[in-house]
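**Student:** What follows is a single structure, and I will ask about it in a moment.
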Amino acid sequence: MMAKLGILILLGLFLRVTVCSVSSTTQCEMDEFKHENLCCQYCPAGFKLINPCQKNHGTSECAPCESNYFTAHKNSESGCFPCSMCRDDQEEVTKCSSTTDRECQCKQGTYCNSENCLEMCHACSSCPGGRVIRKCNATMDTVCDTFDSKQAENSVVCYFTEDCSASAWKLNIVVIAAVIIIIAAVITVIRKIICYCRKRDRRALNSVNGTVSGKRIMTAVNTFQGAPACSRG
Ligand SMILES: *[C@@H]1O[C@H](CO)[C@@H](O)[C@H](O)[C@H]1NC(C)=O
């Protein structure tokens with residue numbers, strides 16, 4: 001009986017010790033990783049792991065990344081990651097360092113809108129006869145205002161703006177020509193009316209020619225020439 005109780009107590013103690021020792025090693029701190037039964041501190045960004053720590057919560061042996069290799073975060077990696085390379089159609093926007101990967105983007109005038117730009121960069125679209133809503137950048141193509149470009153083609157206002165289409169310019173020329181023709185027609189009509197008035201006045205003068213003396217006729221002609229053509233009835 002006593003022996004059985006003793007065994008149970010021993011078993012209980014053993015279990016308690018085992019559970020406590022396991023839990024103390026499984027619960028590592030935020031900046032630690034588990035190595036065998038130990039919690040070891042991670043290597044900082046820009047370093048790689050050479051040897052894990054020898055005692056619990058100890059520092060690990062780390063080495064800095066080689067040139068053109070990086071680790072962006074604290075880690076327990078045995079090797080740093082190679083920096084990405086920019087393709088011929090890309091340009092470097094962020095340099096490769098021991099803590100940052102090289103970042104590349106499509107060159108000016110080209111874009112690539114896929115996740116990691118695995119395909120080639122595409123040439124940016126232009127907006128023929130339309131207005132650019134958003135300029136092309138490395139990740140997004142040009143956005144054109146197609147509705148406004150349609151309107152602009154039929155609008156006289158367009159002729160005084162830069163983004164006029166060719167058809168709009170043709171329309172502009174037609175409008176200017178029409179205005180010139182209308183002005184010319186109006187001038188011709190006015191001249192015809194003046195001419196008619198002068199002829200009528202001259203006829204009126206001639207009719208009084210016989211009854212009035214030469215001096216008075218000359219005075220009448222002079223006043224006629226100086227005065228506006230149709231001022232008197
Ligand atoms: C391109 O433009 C879009 C929209 O304006 C923007 O979200 C994106 O960050 C830009 N990309 C670059 C590389 O500037």
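Chain identifiers are assigned as A, B, and so on, following the order in which chains appear in the structure tokens; residues are numbered from 1 within each chain, and ligands are numbered from 1 in order of appearance.
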Mind dumping a table of every chain A residue within 8 Å of ligand 1, with the nearest atom pair and its distance in Å to one decimal, using only C-alpha atoms and all ligand atoms, sorted by chain and rising number, as JSON lines?
**Tutor:**
```
{"residue": "A:Gln105", "atom": "CA", "partner": "ligand 1", "partner_atom_place_in_ligand_line": "13 (C)", "distance": 7.1}
{"residue": "A:Arg134", "atom": "CA", "partner": "ligand 1", "partner_atom_place_in_ligand_line": "5 (O)", "distance": 7.2}
{"residue": "A:Lys135", "atom": "CA", "partner": "ligand 1", "partner_atom_place_in_ligand_line": "2 (O)", "distance": 8.0}
{"residue": "A:Cys136", "atom": "CA", "partner": "ligand 1", "partner_atom_place_in_ligand_line": "1 (C)", "distance": 7.2}
{"residue": "A:Asn137", "atom": "CA", "partner": "ligand 1", "partner_atom_place_in_ligand_line": "1 (C)", "distance": 4.9}
{"residue": "A:Ala138", "atom": "CA", "partner": "ligand 1", "partner_atom_place_in_ligand_line": "13 (C)", "distance": 4.8}
{"residue": "A:Thr139", "atom": "CA", "partner": "ligand 1", "partner_atom_place_in_ligand_line": "11 (N)", "distance": 4.9}
{"residue": "A:Met140", "atom": "CA", "partner": "ligand 1", "partner_atom_place_in_ligand_line": "1 (C)", "distance": 5.3}
```
**Student:** Emit the selected residues as a CSV table (one decimal), in the first residue's frame, including N, CA, C and O atoms.
**Tutor:**
```csv
chain,number,residue,atom,x,y,z
A,105,GLN,N,11.9,48.4,-61.7
A,105,GLN,CA,10.6,48.7,-62.3
A,105,GLN,C,10.8,49.0,-63.8
A,105,GLN,O,11.9,49.2,-64.3
A,134,ARG,N,-4.9,59.8,-66.7
A,134,ARG,CA,-3.8,59.5,-65.8
A,134,ARG,C,-2.6,59.1,-66.6
A,134,ARG,O,-2.7,58.2,-67.5
A,135,LYS,N,-1.5,59.7,-66.4
A,135,LYS,CA,-0.3,59.4,-67.1
A,135,LYS,C,0.2,58.0,-66.8
A,135,LYS,O,0.0,57.5,-65.7
A,136,CYS,N,0.9,57.4,-67.8
A,136,CYS,CA,1.4,56.0,-67.6
A,136,CYS,C,2.5,56.1,-66.6
A,136,CYS,O,3.3,57.0,-66.5
A,137,ASN,N,2.6,55.1,-65.7
A,137,ASN,CA,3.8,54.9,-64.8
A,137,ASN,C,4.2,53.5,-64.9
A,137,ASN,O,3.7,52.7,-65.7
A,138,ALA,N,5.2,53.1,-64.1
A,138,ALA,CA,5.8,51.8,-64.2
A,138,ALA,C,4.9,50.7,-64.0
A,138,ALA,O,5.1,49.5,-64.5
A,139,THR,N,3.8,50.9,-63.3
A,139,THR,CA,2.9,49.8,-62.9
A,139,THR,C,1.5,50.0,-63.6
A,139,THR,O,0.7,49.0,-63.5
A,140,MET,N,1.2,51.1,-64.2
A,140,MET,CA,-0.1,51.3,-64.8
A,140,MET,C,-0.1,52.0,-66.1
A,140,MET,O,0.7,52.9,-66.3
```
**Student:** Pick out the residues sitting within 6 Å of segment 78-95 of chain A, and hand them over as a ChimeraX atom specification; count only C-alpha atoms, and ignore anything fewer than 5 positions along from it in its own chain.
**Tutor:** /A:48-49,65,68-71,101-107
**Student:** Generate the output file for the selected residues, C-alpha atoms, as a PDB file, in the first residue's frame.
**Tutor:**
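Resulting contents of result.pdb:
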```pdb
ATOM      1  CA  LYS A  48      22.875  34.761 -41.316  1.00  0.00           C
ATOM      2  CA  LEU A  49      23.182  32.043 -38.693  1.00  0.00           C
ATOM      3  CA  CYS A  65      25.547  38.668 -45.575  1.00  0.00           C
ATOM      4  CA  ASN A  68      24.724  41.022 -53.313  1.00  0.00           C
ATOM      5  CA  TYR A  69      22.957  38.880 -50.693  1.00  0.00           C
ATOM      6  CA  PHE A  70      20.452  40.017 -48.061  1.00  0.00           C
ATOM      7  CA  THR A  71      18.186  39.082 -45.143  1.00  0.00           C
ATOM      8  CA  ASP A 101      16.457  43.316 -51.925  1.00  0.00           C
ATOM      9  CA  ARG A 102      17.107  45.230 -55.134  1.00  0.00           C
ATOM     10  CA  GLU A 103      13.853  46.674 -56.559  1.00  0.00           C
ATOM     11  CA  CYS A 104      13.312  47.076 -60.265  1.00  0.00           C
ATOM     12  CA  GLN A 105      10.598  48.743 -62.329  1.00  0.00           C
ATOM     13  CA  CYS A 106       9.794  49.148 -66.007  1.00  0.00           C
ATOM     14  CA  LYS A 107      11.765  51.878 -67.755  1.00  0.00           C
TER      15      LYS A 107
END
```
**Student:** Quick check, in Å to one decimal: how far apart do atom CA of Val143 of chain A and atom CA of Gln108 of chain A lie?
**Tutor:** 16.1 Å
**Student:** Looking only at strand (DSSP E) from DSSP on the backbone, list the matching residues of segment 12-208 of chain A as a PyMOL selection string.
**Tutor:** chain A and resi 32-35+38-41+47-51+61-64+69-70+81-82+90-94+103-106+110-111+122-123+131-134+143-145
**Student:** Got a sec to tell me which of segment 70-210 of chain A DSSP assigns to alpha helix (DSSP H), as an MDAnalysis selection string?
**Tutor:** chainID A and resid 146:153 166:208
**Student:** Excluding Cys144 of chain A and any residue of its chain fewer than 5 positions from it, enumerate the residues within 6 Å of it, using only C-alpha atoms, and give them as a list of chain:residue names.
**Tutor:**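 Contacts, with the query itself left out: A:Cys127, A:Arg131, A:Val132, A:Ile133.
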**Student:** Please provide the set of residues having any atom within 9 Å of Ala123 of chain A, restricted to only C-alpha atoms, with same-chain residues fewer than 2 positions apart removed, written as a list of chain:residue names.
**Tutor:**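 After dropping sequence-adjacent residues, the list is A:Gly109, A:Thr110, A:Tyr111, A:Cys112, A:Cys121, A:Ser125, A:Asp141.
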**Student:** Tell me which of A:Pro64, A:Gly58, A:Gly46, A:Pro52 sits closest to Thr99 of chain A, counting only C-alpha atoms.
**Tutor:**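 Among the listed residues, A:Gly46 lies closest to Thr99 of chain A.
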**Student:** Within 8 Å of segment 31-36 of chain A, counting only C-alpha atoms, which residues show up once you throw out same-chain ones fewer than 6 positions away? Write them as a list in words, please.
**Tutor:**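 Everything that qualifies: Thr25, Tyr42, Pro52, His57, Lys74 and Ser76 of chain A.
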**Student:** Any idea what the distance is between atom CA of Lys199 of chain A and atom CA of Ala185 of chain A?
**Tutor:** 21.2 Å
